[in-house]
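Engineer: I'd like to ask some things about the structure below.
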Amino acid sequence: MKSDNSIDYVEFASTDLDATKTFFSKLLDWKFEDYGPDYTAFTDDNMNGGFFKSSSVATVSQGAPLVVLYHSNLEGIKTLVTELGGTIKLDIFSFPGGKRFQFIEPGGNELAFWSE
């Protein structure tokens, strides 16, 4: 059942939809469904969203929101991010309550992973 006032769907721009789909399919096991050549939707157990083709994307330094994902093995997921073509934007650092790193996926979006 849907909850009132909760985030229900997230859309991202991507400069390369095929690369974005491949990256997140292998990294997070997201399932994709294309809706024409310029849009693809994704789903996982917790979240739904989509990517639209764009010639530009915004990063956190440009004011974009930062989507933070959780993973219990921060070093392992960081290695997988780079193996799949992601670029580390901020290496692992500590903050009150845990550690995290930020990365750019092949379509240009900046995201982060955190762990305790």
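Residue numbering restarts at 1 for every chain of the structure tokens, chains are lettered A, B, ... in their displayed order, and ligands are numbered from 1 as they appear.
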Pull the strand (DSSP E or B) assignments for chain A out of DSSP run on the backbone, and list those residues as a PDB file with N, CA and C atoms, in the first residue's frame.
Structural biologist:
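Here's the written file part00.pdb:
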```pdb
ATOM      1  N   VAL A  10      11.540   8.322  -8.543  1.00  0.00           N
ATOM      2  CA  VAL A  10      12.661   9.240  -8.743  1.00  0.00           C
ATOM      3  C   VAL A  10      13.067   9.176 -10.208  1.00  0.00           C
ATOM      4  N   GLU A  11      13.219  10.328 -10.850  1.00  0.00           N
ATOM      5  CA  GLU A  11      13.684  10.369 -12.234  1.00  0.00           C
ATOM      6  C   GLU A  11      15.033  11.072 -12.308  1.00  0.00           C
ATOM      7  N   PHE A  12      15.896  10.513 -13.135  1.00  0.00           N
ATOM      8  CA  PHE A  12      17.229  11.045 -13.364  1.00  0.00           C
ATOM      9  C   PHE A  12      17.418  11.337 -14.849  1.00  0.00           C
ATOM     10  N   ALA A  13      18.253  12.306 -15.156  1.00  0.00           N
ATOM     11  CA  ALA A  13      18.726  12.502 -16.528  1.00  0.00           C
ATOM     12  C   ALA A  13      19.878  11.527 -16.755  1.00  0.00           C
ATOM     13  N   SER A  14      20.141  11.184 -17.996  1.00  0.00           N
ATOM     14  CA  SER A  14      21.298  10.355 -18.337  1.00  0.00           C
ATOM     15  C   SER A  14      21.779  10.746 -19.729  1.00  0.00           C
ATOM     16  N   LYS A  31      15.868  -3.796 -12.522  1.00  0.00           N
ATOM     17  CA  LYS A  31      15.202  -4.266 -13.731  1.00  0.00           C
ATOM     18  C   LYS A  31      14.690  -3.050 -14.489  1.00  0.00           C
ATOM     19  N   PHE A  32      14.875  -3.055 -15.798  1.00  0.00           N
ATOM     20  CA  PHE A  32      14.510  -1.904 -16.624  1.00  0.00           C
ATOM     21  C   PHE A  32      13.432  -2.260 -17.638  1.00  0.00           C
ATOM     22  N   GLU A  33      12.596  -1.278 -17.932  1.00  0.00           N
ATOM     23  CA  GLU A  33      11.612  -1.384 -19.005  1.00  0.00           C
ATOM     24  C   GLU A  33      11.667  -0.096 -19.811  1.00  0.00           C
ATOM     25  N   ASP A  34      11.952  -0.237 -21.106  1.00  0.00           N
ATOM     26  CA  ASP A  34      12.054   0.928 -21.981  1.00  0.00           C
ATOM     27  C   ASP A  34      10.677   1.415 -22.410  1.00  0.00           C
ATOM     28  N   TYR A  39      13.528   7.027 -22.833  1.00  0.00           N
ATOM     29  CA  TYR A  39      13.113   6.857 -21.447  1.00  0.00           C
ATOM     30  C   TYR A  39      13.142   5.384 -21.059  1.00  0.00           C
ATOM     31  N   THR A  40      13.635   5.111 -19.854  1.00  0.00           N
ATOM     32  CA  THR A  40      13.602   3.763 -19.306  1.00  0.00           C
ATOM     33  C   THR A  40      13.231   3.850 -17.836  1.00  0.00           C
ATOM     34  N   ALA A  41      12.392   2.940 -17.399  1.00  0.00           N
ATOM     35  CA  ALA A  41      11.979   2.890 -15.999  1.00  0.00           C
ATOM     36  C   ALA A  41      12.724   1.743 -15.321  1.00  0.00           C
ATOM     37  N   PHE A  42      12.987   1.910 -14.018  1.00  0.00           N
ATOM     38  CA  PHE A  42      13.633   0.845 -13.257  1.00  0.00           C
ATOM     39  C   PHE A  42      12.810   0.513 -12.025  1.00  0.00           C
ATOM     40  N   THR A  43      13.034  -0.701 -11.540  1.00  0.00           N
ATOM     41  CA  THR A  43      12.407  -1.131 -10.303  1.00  0.00           C
ATOM     42  C   THR A  43      13.367  -2.031  -9.543  1.00  0.00           C
ATOM     43  N   ASN A  48      11.178   2.708  -7.149  1.00  0.00           N
ATOM     44  CA  ASN A  48      10.937   2.750  -8.585  1.00  0.00           C
ATOM     45  C   ASN A  48      11.387   4.104  -9.099  1.00  0.00           C
ATOM     46  N   GLY A  49      11.765   4.127 -10.350  1.00  0.00           N
ATOM     47  CA  GLY A  49      12.179   5.389 -10.937  1.00  0.00           C
ATOM     48  C   GLY A  49      12.434   5.235 -12.411  1.00  0.00           C
ATOM     49  N   GLY A  50      13.093   6.227 -12.969  1.00  0.00           N
ATOM     50  CA  GLY A  50      13.375   6.195 -14.386  1.00  0.00           C
ATOM     51  C   GLY A  50      14.537   7.089 -14.755  1.00  0.00           C
ATOM     52  N   PHE A  51      14.988   6.928 -15.980  1.00  0.00           N
ATOM     53  CA  PHE A  51      16.051   7.743 -16.564  1.00  0.00           C
ATOM     54  C   PHE A  51      15.553   8.257 -17.907  1.00  0.00           C
ATOM     55  N   PHE A  52      15.758   9.536 -18.152  1.00  0.00           N
ATOM     56  CA  PHE A  52      15.420  10.111 -19.443  1.00  0.00           C
ATOM     57  C   PHE A  52      16.702  10.591 -20.113  1.00  0.00           C
ATOM     58  N   LYS A  53      16.749  10.469 -21.437  1.00  0.00           N
ATOM     59  CA  LYS A  53      17.928  10.882 -22.200  1.00  0.00           C
ATOM     60  C   LYS A  53      18.033  12.394 -22.173  1.00  0.00           C
ATOM     61  N   VAL A  67      21.329  11.164  -3.999  1.00  0.00           N
ATOM     62  CA  VAL A  67      20.670   9.927  -3.607  1.00  0.00           C
ATOM     63  C   VAL A  67      21.727   9.059  -2.945  1.00  0.00           C
ATOM     64  N   VAL A  68      21.448   8.636  -1.709  1.00  0.00           N
ATOM     65  CA  VAL A  68      22.405   7.853  -0.936  1.00  0.00           C
ATOM     66  C   VAL A  68      21.847   6.445  -0.758  1.00  0.00           C
ATOM     67  N   LEU A  69      22.606   5.472  -1.245  1.00  0.00           N
ATOM     68  CA  LEU A  69      22.241   4.065  -1.158  1.00  0.00           C
ATOM     69  C   LEU A  69      22.989   3.431   0.021  1.00  0.00           C
ATOM     70  N   TYR A  70      22.483   2.338   0.533  1.00  0.00           N
ATOM     71  CA  TYR A  70      23.137   1.643   1.642  1.00  0.00           C
ATOM     72  C   TYR A  70      23.775   0.359   1.144  1.00  0.00           C
ATOM     73  N   THR A  87      32.944   6.376 -11.630  1.00  0.00           N
ATOM     74  CA  THR A  87      34.086   7.173 -11.211  1.00  0.00           C
ATOM     75  C   THR A  87      33.862   7.634  -9.779  1.00  0.00           C
ATOM     76  N   ILE A  88      34.857   7.440  -8.938  1.00  0.00           N
ATOM     77  CA  ILE A  88      34.748   7.880  -7.547  1.00  0.00           C
ATOM     78  C   ILE A  88      34.925   9.391  -7.502  1.00  0.00           C
ATOM     79  N   LYS A  89      33.923  10.077  -6.978  1.00  0.00           N
ATOM     80  CA  LYS A  89      33.962  11.539  -6.857  1.00  0.00           C
ATOM     81  C   LYS A  89      34.542  11.950  -5.509  1.00  0.00           C
ATOM     82  N   LEU A  90      34.099  11.316  -4.439  1.00  0.00           N
ATOM     83  CA  LEU A  90      34.658  11.509  -3.098  1.00  0.00           C
ATOM     84  C   LEU A  90      34.939  10.134  -2.524  1.00  0.00           C
ATOM     85  N   ASP A  91      36.189   9.891  -2.165  1.00  0.00           N
ATOM     86  CA  ASP A  91      36.559   8.594  -1.616  1.00  0.00           C
ATOM     87  C   ASP A  91      35.904   8.405  -0.249  1.00  0.00           C
ATOM     88  N   ILE A  92      35.984   7.209   0.278  1.00  0.00           N
ATOM     89  CA  ILE A  92      35.351   6.882   1.556  1.00  0.00           C
ATOM     90  C   ILE A  92      35.812   7.852   2.639  1.00  0.00           C
ATOM     91  N   PHE A  93      34.834   8.413   3.338  1.00  0.00           N
ATOM     92  CA  PHE A  93      35.128   9.307   4.453  1.00  0.00           C
ATOM     93  C   PHE A  93      34.136   9.023   5.577  1.00  0.00           C
ATOM     94  N   SER A  94      34.533   9.365   6.787  1.00  0.00           N
ATOM     95  CA  SER A  94      33.695   9.149   7.961  1.00  0.00           C
ATOM     96  C   SER A  94      32.818  10.359   8.220  1.00  0.00           C
ATOM     97  N   PHE A  95      31.664  10.090   8.789  1.00  0.00           N
ATOM     98  CA  PHE A  95      30.762  11.133   9.271  1.00  0.00           C
ATOM     99  C   PHE A  95      30.089  10.557  10.511  1.00  0.00           C
ATOM    100  N   GLY A  98      28.656   6.799  10.506  1.00  0.00           N
ATOM    101  CA  GLY A  98      29.108   5.867   9.477  1.00  0.00           C
ATOM    102  C   GLY A  98      30.176   6.410   8.566  1.00  0.00           C
ATOM    103  N   LYS A  99      30.220   5.809   7.386  1.00  0.00           N
ATOM    104  CA  LYS A  99      31.164   6.195   6.331  1.00  0.00           C
ATOM    105  C   LYS A  99      30.398   6.195   5.021  1.00  0.00           C
ATOM    106  N   ARG A 100      30.924   6.928   4.031  1.00  0.00           N
ATOM    107  CA  ARG A 100      30.316   6.905   2.708  1.00  0.00           C
ATOM    108  C   ARG A 100      31.329   7.324   1.657  1.00  0.00           C
ATOM    109  N   PHE A 101      30.943   7.081   0.388  1.00  0.00           N
ATOM    110  CA  PHE A 101      31.677   7.617  -0.756  1.00  0.00           C
ATOM    111  C   PHE A 101      30.663   8.049  -1.798  1.00  0.00           C
ATOM    112  N   GLN A 102      31.080   8.955  -2.673  1.00  0.00           N
ATOM    113  CA  GLN A 102      30.223   9.435  -3.754  1.00  0.00           C
ATOM    114  C   GLN A 102      30.853   9.058  -5.084  1.00  0.00           C
ATOM    115  N   PHE A 103      29.994   8.771  -6.068  1.00  0.00           N
ATOM    116  CA  PHE A 103      30.478   8.321  -7.367  1.00  0.00           C
ATOM    117  C   PHE A 103      29.604   8.883  -8.476  1.00  0.00           C
ATOM    118  N   ILE A 104      30.159   8.863  -9.675  1.00  0.00           N
ATOM    119  CA  ILE A 104      29.451   9.254 -10.896  1.00  0.00           C
ATOM    120  C   ILE A 104      29.251   7.990 -11.728  1.00  0.00           C
ATOM    121  N   GLU A 110      25.461  11.627 -10.060  1.00  0.00           N
ATOM    122  CA  GLU A 110      26.242  11.455  -8.845  1.00  0.00           C
ATOM    123  C   GLU A 110      25.348  10.839  -7.764  1.00  0.00           C
ATOM    124  N   LEU A 111      25.804   9.742  -7.191  1.00  0.00           N
ATOM    125  CA  LEU A 111      25.124   9.068  -6.107  1.00  0.00           C
ATOM    126  C   LEU A 111      26.145   8.737  -5.029  1.00  0.00           C
ATOM    127  N   ALA A 112      25.689   8.173  -3.929  1.00  0.00           N
ATOM    128  CA  ALA A 112      26.591   7.781  -2.845  1.00  0.00           C
ATOM    129  C   ALA A 112      26.159   6.448  -2.269  1.00  0.00           C
ATOM    130  N   PHE A 113      27.096   5.782  -1.633  1.00  0.00           N
ATOM    131  CA  PHE A 113      26.833   4.610  -0.805  1.00  0.00           C
ATOM    132  C   PHE A 113      27.304   4.938   0.590  1.00  0.00           C
ATOM    133  N   TRP A 114      26.574   4.456   1.603  1.00  0.00           N
ATOM    134  CA  TRP A 114      27.003   4.627   2.974  1.00  0.00           C
ATOM    135  C   TRP A 114      26.884   3.292   3.711  1.00  0.00           C
ATOM    136  N   SER A 115      27.567   3.216   4.847  1.00  0.00           N
ATOM    137  CA  SER A 115      27.494   2.059   5.736  1.00  0.00           C
ATOM    138  C   SER A 115      27.841   2.513   7.145  1.00  0.00           C
TER     139      SER A 115
END
```
Engineer: I'd like the contact shell of A:Gly108 - 8 Å cut-off, only C-alpha atoms, skipping same-chain residues fewer than 3 positions apart - returned as a short mmCIF file (atom, residue, chain, number, x, y, z; two decimals) with N, CA and C atoms, in the first residue's frame.
Structural biologist:
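Now in part_31.cif:
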```
data_model
loop_
_atom_site.label_atom_id
_atom_site.label_comp_id
_atom_site.auth_asym_id
_atom_site.auth_seq_id
_atom_site.Cartn_x
_atom_site.Cartn_y
_atom_site.Cartn_z
N SER A 14 20.14 11.18 -18.00
CA SER A 14 21.30 10.36 -18.34
C SER A 14 21.78 10.75 -19.73
N THR A 15 23.08 10.93 -19.86
CA THR A 15 23.64 11.23 -21.17
C THR A 15 23.82 9.96 -22.01
N SER A 56 22.69 16.78 -20.80
CA SER A 56 23.43 17.20 -19.61
C SER A 56 22.77 16.65 -18.36
N VAL A 57 23.56 16.53 -17.31
CA VAL A 57 23.06 16.13 -15.99
C VAL A 57 23.67 17.07 -14.96
N ALA A 58 23.06 17.16 -13.81
CA ALA A 58 23.58 18.02 -12.74
C ALA A 58 24.23 17.16 -11.67
N THR A 59 25.32 17.63 -11.11
CA THR A 59 25.97 16.96 -10.00
C THR A 59 25.66 17.71 -8.72
N ILE A 104 30.16 8.86 -9.67
CA ILE A 104 29.45 9.25 -10.90
C ILE A 104 29.25 7.99 -11.73
N GLU A 105 28.00 7.71 -12.07
CA GLU A 105 27.73 6.55 -12.94
C GLU A 105 27.96 6.95 -14.39
#
```
Engineer: Residues near A:Ala19, anyone? I mean within 9 Å using only C-alpha atoms, not counting same-chain ones fewer than 3 positions away, as a ChimeraX atom specification.
Structural biologist: /A:14-16,22-24,85,105-107
Engineer: Work out how far apart atom CA of A:Leu84 and atom CA of A:Lys26 are and give it in Å to one decimal.
Structural biologist: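 Separating atom CA of A:Leu84 from atom CA of A:Lys26 is a distance of 7.7 Å.
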Engineer: Nearest to A:Ser6 among A:Met47, A:Gly63, A:Ser72, A:Gly97, with distances taken over only C-alpha atoms: which residue is it?
Structural biologist: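 Nearest to A:Ser6: A:Met47.
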Engineer: As an exercise, work out the distance from atom CA of A:Val81 to atom CA of A:Glu116 in Å and give it to one decimal place.
Structural biologist: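 Pair atom CA of A:Val81 / atom CA of A:Glu116 returns 18.8 Å.
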Engineer: Could you check the closest approach to A:Thr79 for each of A:Asp18, A:Ile7, A:Leu27, A:Ser61 and tell me which residue wins, using only C-alpha atoms?
Structural biologist: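 Of the candidates, the smallest distance to A:Thr79 is held by A:Leu27.
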Engineer: From chain A, collect each residue whose DSSP state is alpha helix (DSSP H) and return the set as a ChimeraX atom specification.
Structural biologist: /A:17-28,74-83
Engineer: Store the residues of this selection in a file with N, CA, C and O atoms, as a PDB file, in the first residue's frame.
Structural biologist:
```pdb
ATOM      1  N   LEU A  17      21.798   6.327 -21.907  1.00  0.00           N
ATOM      2  CA  LEU A  17      20.839   5.405 -21.293  1.00  0.00           C
ATOM      3  C   LEU A  17      21.325   3.964 -21.285  1.00  0.00           C
ATOM      4  O   LEU A  17      21.138   3.253 -20.295  1.00  0.00           O
ATOM      5  N   ASP A  18      21.940   3.510 -22.366  1.00  0.00           N
ATOM      6  CA  ASP A  18      22.414   2.121 -22.415  1.00  0.00           C
ATOM      7  C   ASP A  18      23.481   1.865 -21.357  1.00  0.00           C
ATOM      8  O   ASP A  18      23.445   0.845 -20.667  1.00  0.00           O
ATOM      9  N   ALA A  19      24.419   2.793 -21.210  1.00  0.00           N
ATOM     10  CA  ALA A  19      25.469   2.629 -20.203  1.00  0.00           C
ATOM     11  C   ALA A  19      24.895   2.681 -18.790  1.00  0.00           C
ATOM     12  O   ALA A  19      25.299   1.915 -17.915  1.00  0.00           O
ATOM     13  N   THR A  20      23.937   3.574 -18.568  1.00  0.00           N
ATOM     14  CA  THR A  20      23.290   3.669 -17.264  1.00  0.00           C
ATOM     15  C   THR A  20      22.556   2.379 -16.929  1.00  0.00           C
ATOM     16  O   THR A  20      22.670   1.854 -15.815  1.00  0.00           O
ATOM     17  N   LYS A  21      21.806   1.840 -17.885  1.00  0.00           N
ATOM     18  CA  LYS A  21      21.070   0.599 -17.647  1.00  0.00           C
ATOM     19  C   LYS A  21      22.011  -0.559 -17.350  1.00  0.00           C
ATOM     20  O   LYS A  21      21.780  -1.323 -16.410  1.00  0.00           O
ATOM     21  N   THR A  22      23.082  -0.681 -18.116  1.00  0.00           N
ATOM     22  CA  THR A  22      24.040  -1.757 -17.888  1.00  0.00           C
ATOM     23  C   THR A  22      24.676  -1.629 -16.509  1.00  0.00           C
ATOM     24  O   THR A  22      24.780  -2.604 -15.763  1.00  0.00           O
ATOM     25  N   PHE A  23      25.085  -0.420 -16.154  1.00  0.00           N
ATOM     26  CA  PHE A  23      25.737  -0.164 -14.873  1.00  0.00           C
ATOM     27  C   PHE A  23      24.835  -0.564 -13.702  1.00  0.00           C
ATOM     28  O   PHE A  23      25.223  -1.353 -12.839  1.00  0.00           O
ATOM     29  N   PHE A  24      23.611  -0.051 -13.675  1.00  0.00           N
ATOM     30  CA  PHE A  24      22.734  -0.316 -12.533  1.00  0.00           C
ATOM     31  C   PHE A  24      22.158  -1.731 -12.545  1.00  0.00           C
ATOM     32  O   PHE A  24      21.848  -2.280 -11.485  1.00  0.00           O
ATOM     33  N   SER A  25      22.030  -2.334 -13.711  1.00  0.00           N
ATOM     34  CA  SER A  25      21.612  -3.736 -13.769  1.00  0.00           C
ATOM     35  C   SER A  25      22.625  -4.624 -13.078  1.00  0.00           C
ATOM     36  O   SER A  25      22.269  -5.509 -12.295  1.00  0.00           O
ATOM     37  N   LYS A  26      23.900  -4.369 -13.347  1.00  0.00           N
ATOM     38  CA  LYS A  26      24.959  -5.189 -12.764  1.00  0.00           C
ATOM     39  C   LYS A  26      25.280  -4.792 -11.326  1.00  0.00           C
ATOM     40  O   LYS A  26      25.600  -5.643 -10.501  1.00  0.00           O
ATOM     41  N   LEU A  27      25.193  -3.511 -11.013  1.00  0.00           N
ATOM     42  CA  LEU A  27      25.551  -3.034  -9.676  1.00  0.00           C
ATOM     43  C   LEU A  27      24.458  -3.334  -8.652  1.00  0.00           C
ATOM     44  O   LEU A  27      24.736  -3.819  -7.559  1.00  0.00           O
ATOM     45  N   LEU A  28      23.204  -3.050  -9.000  1.00  0.00           N
ATOM     46  CA  LEU A  28      22.115  -3.128  -8.029  1.00  0.00           C
ATOM     47  C   LEU A  28      21.022  -4.115  -8.405  1.00  0.00           C
ATOM     48  O   LEU A  28      20.015  -4.215  -7.711  1.00  0.00           O
ATOM     49  N   LEU A  74      31.176  -1.539   2.248  1.00  0.00           N
ATOM     50  CA  LEU A  74      31.472  -0.306   1.519  1.00  0.00           C
ATOM     51  C   LEU A  74      32.660  -0.465   0.574  1.00  0.00           C
ATOM     52  O   LEU A  74      32.613  -0.018  -0.570  1.00  0.00           O
ATOM     53  N   GLU A  75      33.721  -1.097   1.041  1.00  0.00           N
ATOM     54  CA  GLU A  75      34.902  -1.307   0.175  1.00  0.00           C
ATOM     55  C   GLU A  75      34.550  -2.176  -1.029  1.00  0.00           C
ATOM     56  O   GLU A  75      34.960  -1.896  -2.150  1.00  0.00           O
ATOM     57  N   GLY A  76      33.780  -3.223  -0.800  1.00  0.00           N
ATOM     58  CA  GLY A  76      33.405  -4.125  -1.886  1.00  0.00           C
ATOM     59  C   GLY A  76      32.543  -3.454  -2.937  1.00  0.00           C
ATOM     60  O   GLY A  76      32.766  -3.621  -4.141  1.00  0.00           O
ATOM     61  N   ILE A  77      31.562  -2.668  -2.491  1.00  0.00           N
ATOM     62  CA  ILE A  77      30.691  -2.006  -3.468  1.00  0.00           C
ATOM     63  C   ILE A  77      31.442  -0.895  -4.191  1.00  0.00           C
ATOM     64  O   ILE A  77      31.199  -0.643  -5.369  1.00  0.00           O
ATOM     65  N   LYS A  78      32.389  -0.248  -3.519  1.00  0.00           N
ATOM     66  CA  LYS A  78      33.217   0.768  -4.186  1.00  0.00           C
ATOM     67  C   LYS A  78      34.035   0.129  -5.305  1.00  0.00           C
ATOM     68  O   LYS A  78      34.118   0.669  -6.418  1.00  0.00           O
ATOM     69  N   THR A  79      34.612  -1.030  -5.036  1.00  0.00           N
ATOM     70  CA  THR A  79      35.374  -1.747  -6.061  1.00  0.00           C
ATOM     71  C   THR A  79      34.480  -2.094  -7.243  1.00  0.00           C
ATOM     72  O   THR A  79      34.855  -1.893  -8.404  1.00  0.00           O
ATOM     73  N   LEU A  80      33.272  -2.566  -6.972  1.00  0.00           N
ATOM     74  CA  LEU A  80      32.352  -2.922  -8.048  1.00  0.00           C
ATOM     75  C   LEU A  80      31.931  -1.696  -8.850  1.00  0.00           C
ATOM     76  O   LEU A  80      31.847  -1.754 -10.085  1.00  0.00           O
ATOM     77  N   VAL A  81      31.701  -0.578  -8.178  1.00  0.00           N
ATOM     78  CA  VAL A  81      31.356   0.663  -8.880  1.00  0.00           C
ATOM     79  C   VAL A  81      32.421   0.991  -9.918  1.00  0.00           C
ATOM     80  O   VAL A  81      32.113   1.291 -11.076  1.00  0.00           O
ATOM     81  N   THR A  82      33.683   0.942  -9.526  1.00  0.00           N
ATOM     82  CA  THR A  82      34.759   1.288 -10.469  1.00  0.00           C
ATOM     83  C   THR A  82      34.932   0.224 -11.551  1.00  0.00           C
ATOM     84  O   THR A  82      35.176   0.563 -12.703  1.00  0.00           O
ATOM     85  N   GLU A  83      34.780  -1.051 -11.196  1.00  0.00           N
ATOM     86  CA  GLU A  83      34.882  -2.115 -12.196  1.00  0.00           C
ATOM     87  C   GLU A  83      33.818  -1.981 -13.278  1.00  0.00           C
ATOM     88  O   GLU A  83      34.031  -2.349 -14.429  1.00  0.00           O
TER      89      GLU A  83
END
```
